[in-house]
>>> print(open('entry_39.txt').read())   # compact mmCIF, N, CA and C atoms
# COMPACT_ATOMS: atom_id res chain seq x y z
N PRO X 485 92.93 67.17 198.44
CA PRO X 485 93.02 66.89 197.01
C PRO X 485 91.68 67.13 196.32
N GLY X 486 91.76 67.50 195.06
CA GLY X 486 90.56 67.75 194.27
C GLY X 486 89.94 66.47 193.76
N ALA X 487 88.92 66.65 192.96
CA ALA X 487 88.22 65.50 192.37
C ALA X 487 89.15 64.75 191.42
N PRO X 488 89.05 63.41 191.38
CA PRO X 488 89.87 62.65 190.43
C PRO X 488 89.57 63.10 189.00
N SER X 489 90.61 63.35 188.25
CA SER X 489 90.40 63.80 186.87
C SER X 489 90.75 62.68 185.90
N PHE X 490 90.35 62.88 184.65
CA PHE X 490 90.64 61.89 183.62
C PHE X 490 90.85 62.61 182.29
N ALA X 491 91.51 61.92 181.40
CA ALA X 491 91.69 62.39 180.02
C ALA X 491 91.60 61.17 179.11
N VAL X 492 90.93 61.34 177.99
CA VAL X 492 90.76 60.29 176.99
C VAL X 492 91.22 60.88 175.66
N THR X 493 91.98 60.12 174.90
CA THR X 493 92.41 60.61 173.59
C THR X 493 91.91 59.70 172.48
N ALA X 494 91.77 60.28 171.30
CA ALA X 494 91.45 59.53 170.08
C ALA X 494 92.65 59.67 169.15
N ARG X 495 93.05 58.56 168.55
CA ARG X 495 94.22 58.57 167.66
C ARG X 495 93.87 57.96 166.32
N GLN X 496 94.48 58.50 165.29
CA GLN X 496 94.42 57.93 163.95
C GLN X 496 95.85 57.89 163.42
N ALA X 497 96.27 56.73 162.99
CA ALA X 497 97.64 56.54 162.49
C ALA X 497 98.67 57.05 163.49
N GLY X 498 98.40 56.81 164.78
CA GLY X 498 99.34 57.19 165.82
C GLY X 498 99.29 58.65 166.24
N GLU X 499 98.51 59.46 165.56
CA GLU X 499 98.41 60.89 165.88
C GLU X 499 97.17 61.17 166.71
N VAL X 500 97.29 62.02 167.72
CA VAL X 500 96.14 62.43 168.51
C VAL X 500 95.27 63.35 167.65
N VAL X 501 93.99 62.96 167.49
CA VAL X 501 93.06 63.75 166.67
C VAL X 501 91.89 64.29 167.49
N GLY X 502 91.85 63.90 168.76
CA GLY X 502 90.79 64.40 169.63
C GLY X 502 91.08 64.05 171.07
N MET X 503 90.43 64.77 171.98
CA MET X 503 90.61 64.50 173.40
C MET X 503 89.40 64.97 174.19
N ALA X 504 89.21 64.32 175.32
CA ALA X 504 88.17 64.73 176.27
C ALA X 504 88.79 64.66 177.65
N GLU X 505 88.40 65.61 178.50
CA GLU X 505 88.88 65.58 179.87
C GLU X 505 87.81 66.09 180.81
N GLY X 506 87.92 65.66 182.04
CA GLY X 506 86.94 66.06 183.03
C GLY X 506 87.31 65.56 184.41
N ARG X 507 86.29 65.54 185.29
CA ARG X 507 86.48 65.18 186.69
C ARG X 507 85.32 64.32 187.17
N VAL X 508 85.61 63.48 188.13
CA VAL X 508 84.57 62.68 188.78
C VAL X 508 84.46 63.17 190.22
N THR X 509 83.24 63.55 190.60
CA THR X 509 82.98 64.02 191.96
C THR X 509 81.74 63.29 192.47
N GLY X 510 81.94 62.34 193.36
CA GLY X 510 80.80 61.58 193.88
C GLY X 510 80.07 60.85 192.77
N ASP X 511 78.78 61.14 192.63
CA ASP X 511 77.95 60.49 191.60
C ASP X 511 78.02 61.18 190.25
N ASP X 512 78.79 62.27 190.15
CA ASP X 512 78.79 63.08 188.94
C ASP X 512 80.11 63.02 188.19
N CYS X 513 80.00 63.02 186.88
CA CYS X 513 81.15 63.16 185.99
C CYS X 513 80.98 64.49 185.27
N ASP X 514 81.92 65.39 185.45
CA ASP X 514 81.87 66.68 184.78
C ASP X 514 82.80 66.66 183.57
N LEU X 515 82.20 66.75 182.39
CA LEU X 515 82.97 66.82 181.15
C LEU X 515 83.39 68.28 180.97
N ASP X 516 84.68 68.54 181.12
CA ASP X 516 85.18 69.91 181.04
C ASP X 516 85.56 70.32 179.63
N ARG X 517 85.97 69.36 178.81
CA ARG X 517 86.46 69.71 177.48
C ARG X 517 86.36 68.50 176.56
N LEU X 518 85.91 68.71 175.34
CA LEU X 518 85.91 67.69 174.29
C LEU X 518 86.30 68.39 173.00
N LEU X 519 87.44 68.01 172.46
CA LEU X 519 87.97 68.67 171.26
C LEU X 519 88.29 67.63 170.19
N VAL X 520 88.00 67.97 168.94
CA VAL X 520 88.32 67.12 167.79
C VAL X 520 89.00 68.01 166.75
N GLY X 521 90.08 67.51 166.17
CA GLY X 521 90.78 68.27 165.14
C GLY X 521 89.86 68.60 163.97
N PRO X 522 90.06 69.76 163.34
CA PRO X 522 89.18 70.19 162.25
C PRO X 522 89.07 69.17 161.11
N ALA X 523 90.16 68.52 160.76
CA ALA X 523 90.13 67.57 159.64
C ALA X 523 89.36 66.30 159.98
N GLN X 524 89.15 66.02 161.26
CA GLN X 524 88.47 64.79 161.67
C GLN X 524 87.00 65.01 162.05
N ARG X 525 86.55 66.23 162.06
CA ARG X 525 85.16 66.50 162.45
C ARG X 525 84.20 65.86 161.46
N GLY X 526 83.10 65.35 161.99
CA GLY X 526 82.10 64.70 161.15
C GLY X 526 82.40 63.25 160.84
N GLN X 527 83.46 62.70 161.45
CA GLN X 527 83.85 61.31 161.19
C GLN X 527 83.56 60.38 162.38
N GLY X 528 82.86 60.88 163.39
CA GLY X 528 82.52 60.05 164.53
C GLY X 528 83.52 60.07 165.67
N VAL X 529 84.60 60.84 165.53
CA VAL X 529 85.62 60.88 166.57
C VAL X 529 85.03 61.42 167.88
N GLY X 530 84.29 62.51 167.80
CA GLY X 530 83.68 63.09 168.99
C GLY X 530 82.69 62.14 169.64
N SER X 531 81.92 61.45 168.84
CA SER X 531 80.95 60.48 169.38
C SER X 531 81.66 59.35 170.11
N HIS X 532 82.77 58.88 169.56
CA HIS X 532 83.54 57.82 170.23
C HIS X 532 84.15 58.32 171.54
N LEU X 533 84.66 59.55 171.53
CA LEU X 533 85.21 60.12 172.76
C LEU X 533 84.12 60.26 173.82
N LEU X 534 82.96 60.76 173.42
CA LEU X 534 81.87 60.94 174.37
C LEU X 534 81.43 59.59 174.94
N ALA X 535 81.34 58.57 174.10
CA ALA X 535 80.98 57.23 174.58
C ALA X 535 82.02 56.71 175.57
N ALA X 536 83.29 56.99 175.31
CA ALA X 536 84.35 56.55 176.22
C ALA X 536 84.23 57.26 177.57
N VAL X 537 83.90 58.55 177.55
CA VAL X 537 83.72 59.30 178.79
C VAL X 537 82.54 58.73 179.58
N GLU X 538 81.43 58.49 178.90
CA GLU X 538 80.24 57.96 179.57
C GLU X 538 80.53 56.57 180.16
N SER X 539 81.27 55.75 179.44
CA SER X 539 81.63 54.42 179.92
C SER X 539 82.55 54.51 181.15
N LEU X 540 83.54 55.38 181.07
CA LEU X 540 84.45 55.59 182.19
C LEU X 540 83.68 56.06 183.42
N ALA X 541 82.75 56.99 183.21
CA ALA X 541 81.94 57.52 184.32
C ALA X 541 81.11 56.41 184.96
N ALA X 542 80.50 55.58 184.14
CA ALA X 542 79.69 54.47 184.67
C ALA X 542 80.56 53.49 185.46
N GLU X 543 81.76 53.20 184.94
CA GLU X 543 82.68 52.30 185.63
C GLU X 543 83.09 52.84 186.99
N ARG X 544 83.15 54.17 187.11
CA ARG X 544 83.54 54.80 188.37
C ARG X 544 82.34 55.06 189.28
N GLY X 545 81.18 54.55 188.90
CA GLY X 545 80.01 54.65 189.75
C GLY X 545 79.20 55.92 189.62
N CYS X 546 79.45 56.70 188.59
CA CYS X 546 78.69 57.94 188.40
C CYS X 546 77.27 57.64 187.95
N ARG X 547 76.35 58.48 188.36
CA ARG X 547 74.95 58.34 187.96
C ARG X 547 74.59 59.29 186.83
N ARG X 548 75.43 60.32 186.60
CA ARG X 548 75.16 61.24 185.51
C ARG X 548 76.45 61.92 185.07
N CYS X 549 76.42 62.40 183.83
CA CYS X 549 77.48 63.23 183.28
C CYS X 549 76.91 64.63 183.11
N ARG X 550 77.74 65.64 183.33
CA ARG X 550 77.31 67.02 183.20
C ARG X 550 78.31 67.79 182.35
N ALA X 551 77.82 68.84 181.70
CA ALA X 551 78.70 69.69 180.90
C ALA X 551 78.06 71.06 180.75
N LEU X 552 78.88 72.03 180.39
CA LEU X 552 78.41 73.36 180.01
C LEU X 552 78.81 73.58 178.57
N ALA X 553 77.95 74.25 177.81
CA ALA X 553 78.26 74.59 176.42
C ALA X 553 77.65 75.95 176.12
N ALA X 554 78.32 76.71 175.28
CA ALA X 554 77.76 77.99 174.86
C ALA X 554 76.38 77.75 174.25
N SER X 555 75.43 78.60 174.61
CA SER X 555 74.06 78.44 174.10
C SER X 555 74.03 78.49 172.58
N ARG X 556 73.24 77.60 172.00
CA ARG X 556 73.04 77.52 170.55
C ARG X 556 74.35 77.29 169.79
N SER X 557 75.29 76.61 170.43
CA SER X 557 76.58 76.32 169.80
C SER X 557 76.59 74.92 169.20
N ARG X 558 77.63 74.63 168.43
CA ARG X 558 77.82 73.27 167.91
C ARG X 558 77.98 72.28 169.05
N GLY X 559 78.66 72.72 170.11
CA GLY X 559 78.85 71.84 171.26
C GLY X 559 77.53 71.44 171.91
N GLU X 560 76.64 72.42 172.08
CA GLU X 560 75.34 72.11 172.65
C GLU X 560 74.56 71.17 171.73
N ALA X 561 74.55 71.47 170.44
CA ALA X 561 73.84 70.62 169.47
C ALA X 561 74.43 69.21 169.45
N PHE X 562 75.74 69.10 169.54
CA PHE X 562 76.41 67.80 169.55
C PHE X 562 75.92 66.95 170.73
N LEU X 563 75.93 67.53 171.92
CA LEU X 563 75.52 66.77 173.10
C LEU X 563 74.04 66.43 173.06
N VAL X 564 73.20 67.38 172.70
CA VAL X 564 71.75 67.11 172.61
C VAL X 564 71.48 66.02 171.59
N GLY X 565 72.21 66.03 170.48
CA GLY X 565 72.05 65.02 169.44
C GLY X 565 72.46 63.62 169.88
N ARG X 566 73.14 63.54 171.01
CA ARG X 566 73.59 62.24 171.53
C ARG X 566 72.90 61.91 172.85
N GLY X 567 71.72 62.47 173.04
CA GLY X 567 70.89 62.09 174.18
C GLY X 567 71.05 62.91 175.44
N TRP X 568 71.87 63.93 175.41
CA TRP X 568 72.01 64.79 176.58
C TRP X 568 70.83 65.76 176.62
N LEU X 569 70.44 66.16 177.83
CA LEU X 569 69.32 67.07 178.01
C LEU X 569 69.81 68.40 178.54
N CYS X 570 69.22 69.47 178.04
CA CYS X 570 69.51 70.81 178.56
C CYS X 570 68.71 70.96 179.85
N THR X 571 69.40 71.19 180.95
CA THR X 571 68.73 71.29 182.25
C THR X 571 68.59 72.72 182.72
N GLY X 572 69.08 73.67 181.94
CA GLY X 572 68.88 75.06 182.31
C GLY X 572 69.88 75.99 181.66
N PRO X 573 69.46 77.25 181.49
CA PRO X 573 70.36 78.25 180.93
C PRO X 573 71.21 78.90 182.02
N LEU X 574 72.35 79.40 181.64
CA LEU X 574 73.20 80.21 182.50
C LEU X 574 73.39 81.54 181.77
N THR X 575 72.61 82.53 182.14
CA THR X 575 72.62 83.81 181.45
C THR X 575 73.83 84.64 181.88
N ASP X 576 74.50 85.24 180.89
CA ASP X 576 75.70 86.05 181.15
C ASP X 576 76.72 85.30 182.00
N TRP X 577 76.91 84.03 181.71
CA TRP X 577 77.74 83.17 182.54
C TRP X 577 79.22 83.47 182.42
N LEU X 578 79.74 83.51 181.22
CA LEU X 578 81.18 83.67 181.03
C LEU X 578 81.42 84.77 180.00
N ALA X 579 82.07 85.82 180.40
CA ALA X 579 82.37 86.96 179.52
C ALA X 579 81.10 87.49 178.85
N GLY X 580 80.00 87.49 179.61
CA GLY X 580 78.74 88.01 179.09
C GLY X 580 78.01 87.07 178.14
N GLU X 581 78.52 85.86 177.96
CA GLU X 581 77.90 84.89 177.04
C GLU X 581 76.91 84.01 177.80
N ASP X 582 75.88 83.57 177.08
CA ASP X 582 74.92 82.63 177.65
C ASP X 582 75.41 81.21 177.42
N TYR X 583 75.23 80.38 178.43
CA TYR X 583 75.63 78.97 178.35
C TYR X 583 74.43 78.09 178.69
N ALA X 584 74.53 76.84 178.29
CA ALA X 584 73.51 75.85 178.62
C ALA X 584 74.14 74.81 179.54
N ARG X 585 73.39 74.42 180.54
CA ARG X 585 73.80 73.33 181.42
C ARG X 585 73.18 72.06 180.85
N LEU X 586 74.00 71.05 180.59
CA LEU X 586 73.52 69.81 179.99
C LEU X 586 73.89 68.62 180.87
N GLU X 587 73.09 67.58 180.78
CA GLU X 587 73.43 66.37 181.51
C GLU X 587 72.86 65.14 180.82
N ARG X 588 73.47 64.02 181.17
CA ARG X 588 72.98 62.73 180.68
C ARG X 588 72.99 61.77 181.86
N ARG X 589 71.85 61.19 182.12
CA ARG X 589 71.74 60.18 183.18
C ARG X 589 72.37 58.89 182.67
N LEU X 590 73.10 58.24 183.54
CA LEU X 590 73.73 56.96 183.20
C LEU X 590 72.91 55.85 183.82
N ARG X 591 72.99 54.69 183.26
CA ARG X 591 72.26 53.54 183.81
C ARG X 591 72.82 53.20 185.18
N SER X 592 71.90 52.88 186.08
CA SER X 592 72.36 52.54 187.43
C SER X 592 72.48 51.05 187.60
>>> encode(input="entry_39.txt", output="structure tokens")
Amino acid sequence: PGAPSFAVTARQAGEVVGMAEGRVTGDDCDLDRLLVGPAQRGQGVGSHLLAAVESLAAERGCRRCRALAASRSRGEAFLVGRGWLCTGPLTDWLAGEDYARLERRLRS
């Protein structure tokens, strides 16, 4: 079996307006996807989802969260703005695009 996966949703008035999903592998939580509906962007939905992922990871004993984001993208800026650190570039990683490897250490 693969790594245990998780999904977290954000709802407003009963409607799903955002989601995050990923996997837990040993001490690491890999955030694979974080999406927020266009009408809800800038309202803190993404920040709440990210906080929920970090909390879930800590509860499962993870020491860090990791993610990949296209270099110089809104996703990279979003994570960096919330305390994540860029730990290295991935040149020509996916379809010739550059990506950034990001992580956030969790309290032990």
>>> closest_residue(input="entry_39.txt", among="X:Ala491, X:Val529, X:Leu540, X:Leu519", to="X:Arg558", atoms="only C-alpha atoms")
X:Leu519
>>> residues_around(input="entry_39.txt", residues="X:Val492", least_positions_apart="5", cutoff="6 Å", atoms="only N, CA and C atoms", output="ChimeraX atom specification")
/X:502-505
>>> closest_residue(input="entry_39.txt", among="X:Ala551, X:Val501, X:Phe490, X:Thr509", to="X:Pro522", atoms="only N, CA and C atoms")
X:Val501
>>> atom_distance(input="entry_39.txt", atom1="atom CA of X:Ala584", atom2="atom CA of X:Val500")
28.2 Å
>>> residues_around(input="entry_39.txt", residues="X:Asp582", least_positions_apart="2", cutoff="12 Å", atoms="only C-alpha atoms", output="number ranges by chain")
X: 552-557, 560, 572-580, 584-585
>>> write_last_selection(input="entry_39.txt", atoms="N, CA and C atoms", output="JSON list (two decimals), in the frame of the given file")
[["chain", "number", "residue", "atom", "x", "y", "z"],
["X", 552, "LEU", "N", 78.88, 72.03, 180.39],
["X", 552, "LEU", "CA", 78.41, 73.36, 180.01],
["X", 552, "LEU", "C", 78.81, 73.58, 178.57],
["X", 553, "ALA", "N", 77.95, 74.25, 177.81],
["X", 553, "ALA", "CA", 78.26, 74.59, 176.42],
["X", 553, "ALA", "C", 77.65, 75.95, 176.12],
["X", 554, "ALA", "N", 78.32, 76.71, 175.28],
["X", 554, "ALA", "CA", 77.76, 77.99, 174.86],
["X", 554, "ALA", "C", 76.38, 77.75, 174.25],
["X", 555, "SER", "N", 75.43, 78.60, 174.61],
["X", 555, "SER", "CA", 74.06, 78.44, 174.10],
["X", 555, "SER", "C", 74.03, 78.49, 172.58],
["X", 556, "ARG", "N", 73.24, 77.60, 172.00],
["X", 556, "ARG", "CA", 73.04, 77.52, 170.55],
["X", 556, "ARG", "C", 74.35, 77.29, 169.79],
["X", 557, "SER", "N", 75.29, 76.61, 170.43],
["X", 557, "SER", "CA", 76.58, 76.32, 169.80],
["X", 557, "SER", "C", 76.59, 74.92, 169.20],
["X", 560, "GLU", "N", 76.64, 72.42, 172.08],
["X", 560, "GLU", "CA", 75.34, 72.11, 172.65],
["X", 560, "GLU", "C", 74.56, 71.17, 171.73],
["X", 572, "GLY", "N", 69.08, 73.67, 181.94],
["X", 572, "GLY", "CA", 68.88, 75.06, 182.31],
["X", 572, "GLY", "C", 69.88, 75.99, 181.66],
["X", 573, "PRO", "N", 69.46, 77.25, 181.49],
["X", 573, "PRO", "CA", 70.36, 78.25, 180.93],
["X", 573, "PRO", "C", 71.21, 78.90, 182.02],
["X", 574, "LEU", "N", 72.35, 79.40, 181.64],
["X", 574, "LEU", "CA", 73.20, 80.21, 182.50],
["X", 574, "LEU", "C", 73.39, 81.54, 181.77],
["X", 575, "THR", "N", 72.61, 82.53, 182.14],
["X", 575, "THR", "CA", 72.62, 83.81, 181.45],
["X", 575, "THR", "C", 73.83, 84.64, 181.88],
["X", 576, "ASP", "N", 74.50, 85.24, 180.89],
["X", 576, "ASP", "CA", 75.70, 86.05, 181.15],
["X", 576, "ASP", "C", 76.72, 85.30, 182.00],
["X", 577, "TRP", "N", 76.91, 84.03, 181.71],
["X", 577, "TRP", "CA", 77.74, 83.17, 182.54],
["X", 577, "TRP", "C", 79.22, 83.47, 182.42],
["X", 578, "LEU", "N", 79.74, 83.51, 181.22],
["X", 578, "LEU", "CA", 81.18, 83.67, 181.03],
["X", 578, "LEU", "C", 81.42, 84.77, 180.00],
["X", 579, "ALA", "N", 82.07, 85.82, 180.40],
["X", 579, "ALA", "CA", 82.37, 86.96, 179.52],
["X", 579, "ALA", "C", 81.10, 87.49, 178.85],
["X", 580, "GLY", "N", 80.00, 87.49, 179.61],
["X", 580, "GLY", "CA", 78.74, 88.01, 179.09],
["X", 580, "GLY", "C", 78.01, 87.07, 178.14],
["X", 584, "ALA", "N", 74.53, 76.84, 178.29],
["X", 584, "ALA", "CA", 73.51, 75.85, 178.62],
["X", 584, "ALA", "C", 74.14, 74.81, 179.54],
["X", 585, "ARG", "N", 73.39, 74.42, 180.54],
["X", 585, "ARG", "CA", 73.80, 73.33, 181.42],
["X", 585, "ARG", "C", 73.18, 72.06, 180.85]]
>>> closest_residue(input="entry_39.txt", among="X:Tyr583, X:Arg495, X:Leu518, X:Asp512", to="X:Leu534", atoms="all atoms listed in the file")
X:Leu518
>>> closest_residue(input="entry_39.txt", among="X:Gly530, X:Val508, X:Cys546, X:Ser539", to="X:Gly565", atoms="only C-alpha atoms")
X:Gly530
>>> select_by_dssp(input="entry_39.txt", residues="chain X", states="alpha helix (DSSP H)", output="PDB file with N, CA and C atoms, in the frame of the given file")
ATOM      1  N   VAL X 529      84.600  60.840 165.530  1.00  0.00           N
ATOM      2  CA  VAL X 529      85.620  60.880 166.570  1.00  0.00           C
ATOM      3  C   VAL X 529      85.030  61.420 167.880  1.00  0.00           C
ATOM      4  N   GLY X 530      84.290  62.510 167.800  1.00  0.00           N
ATOM      5  CA  GLY X 530      83.680  63.090 168.990  1.00  0.00           C
ATOM      6  C   GLY X 530      82.690  62.140 169.640  1.00  0.00           C
ATOM      7  N   SER X 531      81.920  61.450 168.840  1.00  0.00           N
ATOM      8  CA  SER X 531      80.950  60.480 169.380  1.00  0.00           C
ATOM      9  C   SER X 531      81.660  59.350 170.110  1.00  0.00           C
ATOM     10  N   HIS X 532      82.770  58.880 169.560  1.00  0.00           N
ATOM     11  CA  HIS X 532      83.540  57.820 170.230  1.00  0.00           C
ATOM     12  C   HIS X 532      84.150  58.320 171.540  1.00  0.00           C
ATOM     13  N   LEU X 533      84.660  59.550 171.530  1.00  0.00           N
ATOM     14  CA  LEU X 533      85.210  60.120 172.760  1.00  0.00           C
ATOM     15  C   LEU X 533      84.120  60.260 173.820  1.00  0.00           C
ATOM     16  N   LEU X 534      82.960  60.760 173.420  1.00  0.00           N
ATOM     17  CA  LEU X 534      81.870  60.940 174.370  1.00  0.00           C
ATOM     18  C   LEU X 534      81.430  59.590 174.940  1.00  0.00           C
ATOM     19  N   ALA X 535      81.340  58.570 174.100  1.00  0.00           N
ATOM     20  CA  ALA X 535      80.980  57.230 174.580  1.00  0.00           C
ATOM     21  C   ALA X 535      82.020  56.710 175.570  1.00  0.00           C
ATOM     22  N   ALA X 536      83.290  56.990 175.310  1.00  0.00           N
ATOM     23  CA  ALA X 536      84.350  56.550 176.220  1.00  0.00           C
ATOM     24  C   ALA X 536      84.230  57.260 177.570  1.00  0.00           C
ATOM     25  N   VAL X 537      83.900  58.550 177.550  1.00  0.00           N
ATOM     26  CA  VAL X 537      83.720  59.300 178.790  1.00  0.00           C
ATOM     27  C   VAL X 537      82.540  58.730 179.580  1.00  0.00           C
ATOM     28  N   GLU X 538      81.430  58.490 178.900  1.00  0.00           N
ATOM     29  CA  GLU X 538      80.240  57.960 179.570  1.00  0.00           C
ATOM     30  C   GLU X 538      80.530  56.570 180.160  1.00  0.00           C
ATOM     31  N   SER X 539      81.270  55.750 179.440  1.00  0.00           N
ATOM     32  CA  SER X 539      81.630  54.420 179.920  1.00  0.00           C
ATOM     33  C   SER X 539      82.550  54.510 181.150  1.00  0.00           C
ATOM     34  N   LEU X 540      83.540  55.380 181.070  1.00  0.00           N
ATOM     35  CA  LEU X 540      84.450  55.590 182.190  1.00  0.00           C
ATOM     36  C   LEU X 540      83.680  56.060 183.420  1.00  0.00           C
ATOM     37  N   ALA X 541      82.750  56.990 183.210  1.00  0.00           N
ATOM     38  CA  ALA X 541      81.940  57.520 184.320  1.00  0.00           C
ATOM     39  C   ALA X 541      81.110  56.410 184.960  1.00  0.00           C
ATOM     40  N   ALA X 542      80.500  55.580 184.140  1.00  0.00           N
ATOM     41  CA  ALA X 542      79.690  54.470 184.670  1.00  0.00           C
ATOM     42  C   ALA X 542      80.560  53.490 185.460  1.00  0.00           C
ATOM     43  N   GLU X 543      81.760  53.200 184.940  1.00  0.00           N
ATOM     44  CA  GLU X 543      82.680  52.300 185.630  1.00  0.00           C
ATOM     45  C   GLU X 543      83.090  52.840 186.990  1.00  0.00           C
ATOM     46  N   ARG X 558      77.630  74.630 168.430  1.00  0.00           N
ATOM     47  CA  ARG X 558      77.820  73.270 167.910  1.00  0.00           C
ATOM     48  C   ARG X 558      77.980  72.280 169.050  1.00  0.00           C
ATOM     49  N   GLY X 559      78.660  72.720 170.110  1.00  0.00           N
ATOM     50  CA  GLY X 559      78.850  71.840 171.260  1.00  0.00           C
ATOM     51  C   GLY X 559      77.530  71.440 171.910  1.00  0.00           C
ATOM     52  N   GLU X 560      76.640  72.420 172.080  1.00  0.00           N
ATOM     53  CA  GLU X 560      75.340  72.110 172.650  1.00  0.00           C
ATOM     54  C   GLU X 560      74.560  71.170 171.730  1.00  0.00           C
ATOM     55  N   ALA X 561      74.550  71.470 170.440  1.00  0.00           N
ATOM     56  CA  ALA X 561      73.840  70.620 169.470  1.00  0.00           C
ATOM     57  C   ALA X 561      74.430  69.210 169.450  1.00  0.00           C
ATOM     58  N   PHE X 562      75.740  69.100 169.540  1.00  0.00           N
ATOM     59  CA  PHE X 562      76.410  67.800 169.550  1.00  0.00           C
ATOM     60  C   PHE X 562      75.920  66.950 170.730  1.00  0.00           C
ATOM     61  N   LEU X 563      75.930  67.530 171.920  1.00  0.00           N
ATOM     62  CA  LEU X 563      75.520  66.770 173.100  1.00  0.00           C
ATOM     63  C   LEU X 563      74.040  66.430 173.060  1.00  0.00           C
ATOM     64  N   VAL X 564      73.200  67.380 172.700  1.00  0.00           N
ATOM     65  CA  VAL X 564      71.750  67.110 172.610  1.00  0.00           C
ATOM     66  C   VAL X 564      71.480  66.020 171.590  1.00  0.00           C
TER      67      VAL X 564
END
>>> residues_around(input="entry_39.txt", residues="X:Asp511", least_positions_apart="6", cutoff="6 Å", atoms="all atoms listed in the file", output="PyMOL selection string")
chain X and resi 545-548
>>> closest_residue(input="entry_39.txt", among="X:Ser489, X:Glu581, X:Leu586, X:Ala494", to="X:Leu533", atoms="all atoms listed in the file")
X:Ala494
>>> atom_distance(input="entry_39.txt", atom1="atom CA of X:Thr571", atom2="atom CA of X:Glu587")
6.8 Å
>>> atom_distance(input="entry_39.txt", atom1="atom C of X:Arg566", atom2="atom N of X:Gly498")
27.2 Å
>>> residues_near_point(input="entry_39.txt", point="(69.9, 66.2, 178.3)", cutoff="7 Å", atoms="all atoms listed in the file", output="PDB file with N, CA and C atoms, in the coordinates of the input")
ATOM      1  N   LEU X 563      75.930  67.530 171.920  1.00  0.00           N
ATOM      2  CA  LEU X 563      75.520  66.770 173.100  1.00  0.00           C
ATOM      3  C   LEU X 563      74.040  66.430 173.060  1.00  0.00           C
ATOM      4  N   VAL X 564      73.200  67.380 172.700  1.00  0.00           N
ATOM      5  CA  VAL X 564      71.750  67.110 172.610  1.00  0.00           C
ATOM      6  C   VAL X 564      71.480  66.020 171.590  1.00  0.00           C
ATOM      7  N   GLY X 567      71.720  62.470 173.040  1.00  0.00           N
ATOM      8  CA  GLY X 567      70.890  62.090 174.180  1.00  0.00           C
ATOM      9  C   GLY X 567      71.050  62.910 175.440  1.00  0.00           C
ATOM     10  N   TRP X 568      71.870  63.930 175.410  1.00  0.00           N
ATOM     11  CA  TRP X 568      72.010  64.790 176.580  1.00  0.00           C
ATOM     12  C   TRP X 568      70.830  65.760 176.620  1.00  0.00           C
ATOM     13  N   LEU X 569      70.440  66.160 177.830  1.00  0.00           N
ATOM     14  CA  LEU X 569      69.320  67.070 178.010  1.00  0.00           C
ATOM     15  C   LEU X 569      69.810  68.400 178.540  1.00  0.00           C
ATOM     16  N   CYS X 570      69.220  69.470 178.040  1.00  0.00           N
ATOM     17  CA  CYS X 570      69.510  70.810 178.560  1.00  0.00           C
ATOM     18  C   CYS X 570      68.710  70.960 179.850  1.00  0.00           C
ATOM     19  N   THR X 571      69.400  71.190 180.950  1.00  0.00           N
ATOM     20  CA  THR X 571      68.730  71.290 182.250  1.00  0.00           C
ATOM     21  C   THR X 571      68.590  72.720 182.720  1.00  0.00           C
ATOM     22  N   LEU X 586      74.000  71.050 180.590  1.00  0.00           N
ATOM     23  CA  LEU X 586      73.520  69.810 179.990  1.00  0.00           C
ATOM     24  C   LEU X 586      73.890  68.620 180.870  1.00  0.00           C
ATOM     25  N   GLU X 587      73.090  67.580 180.780  1.00  0.00           N
ATOM     26  CA  GLU X 587      73.430  66.370 181.510  1.00  0.00           C
ATOM     27  C   GLU X 587      72.860  65.140 180.820  1.00  0.00           C
ATOM     28  N   ARG X 588      73.470  64.020 181.170  1.00  0.00           N
ATOM     29  CA  ARG X 588      72.980  62.730 180.680  1.00  0.00           C
ATOM     30  C   ARG X 588      72.990  61.770 181.860  1.00  0.00           C
ATOM     31  N   ARG X 589      71.850  61.190 182.120  1.00  0.00           N
ATOM     32  CA  ARG X 589      71.740  60.180 183.180  1.00  0.00           C
ATOM     33  C   ARG X 589      72.370  58.890 182.670  1.00  0.00           C
TER      34      ARG X 589
END
>>> select_by_dssp(input="entry_39.txt", residues="stretch 494-552 of chain X", states="strand (DSSP E)", output="PyMOL selection string")
chain X and resi 494-496+499-509+512-520+548-552
>>> closest_residue(input="entry_39.txt", among="X:Ala561, X:Gly521, X:Arg591, X:Arg507", to="X:Val537", atoms="only C-alpha atoms")
X:Arg507
>>> axis_aligned_box(input="entry_39.txt", around="stretch 582-591 of chain X", padding_each_side="6 Å", output="lines of an AutoDock Vina configuration file")
center_x = 73.8
center_y = 68.4
center_z = 181.1
size_x = 16.1
size_y = 42.4
size_z = 20.1
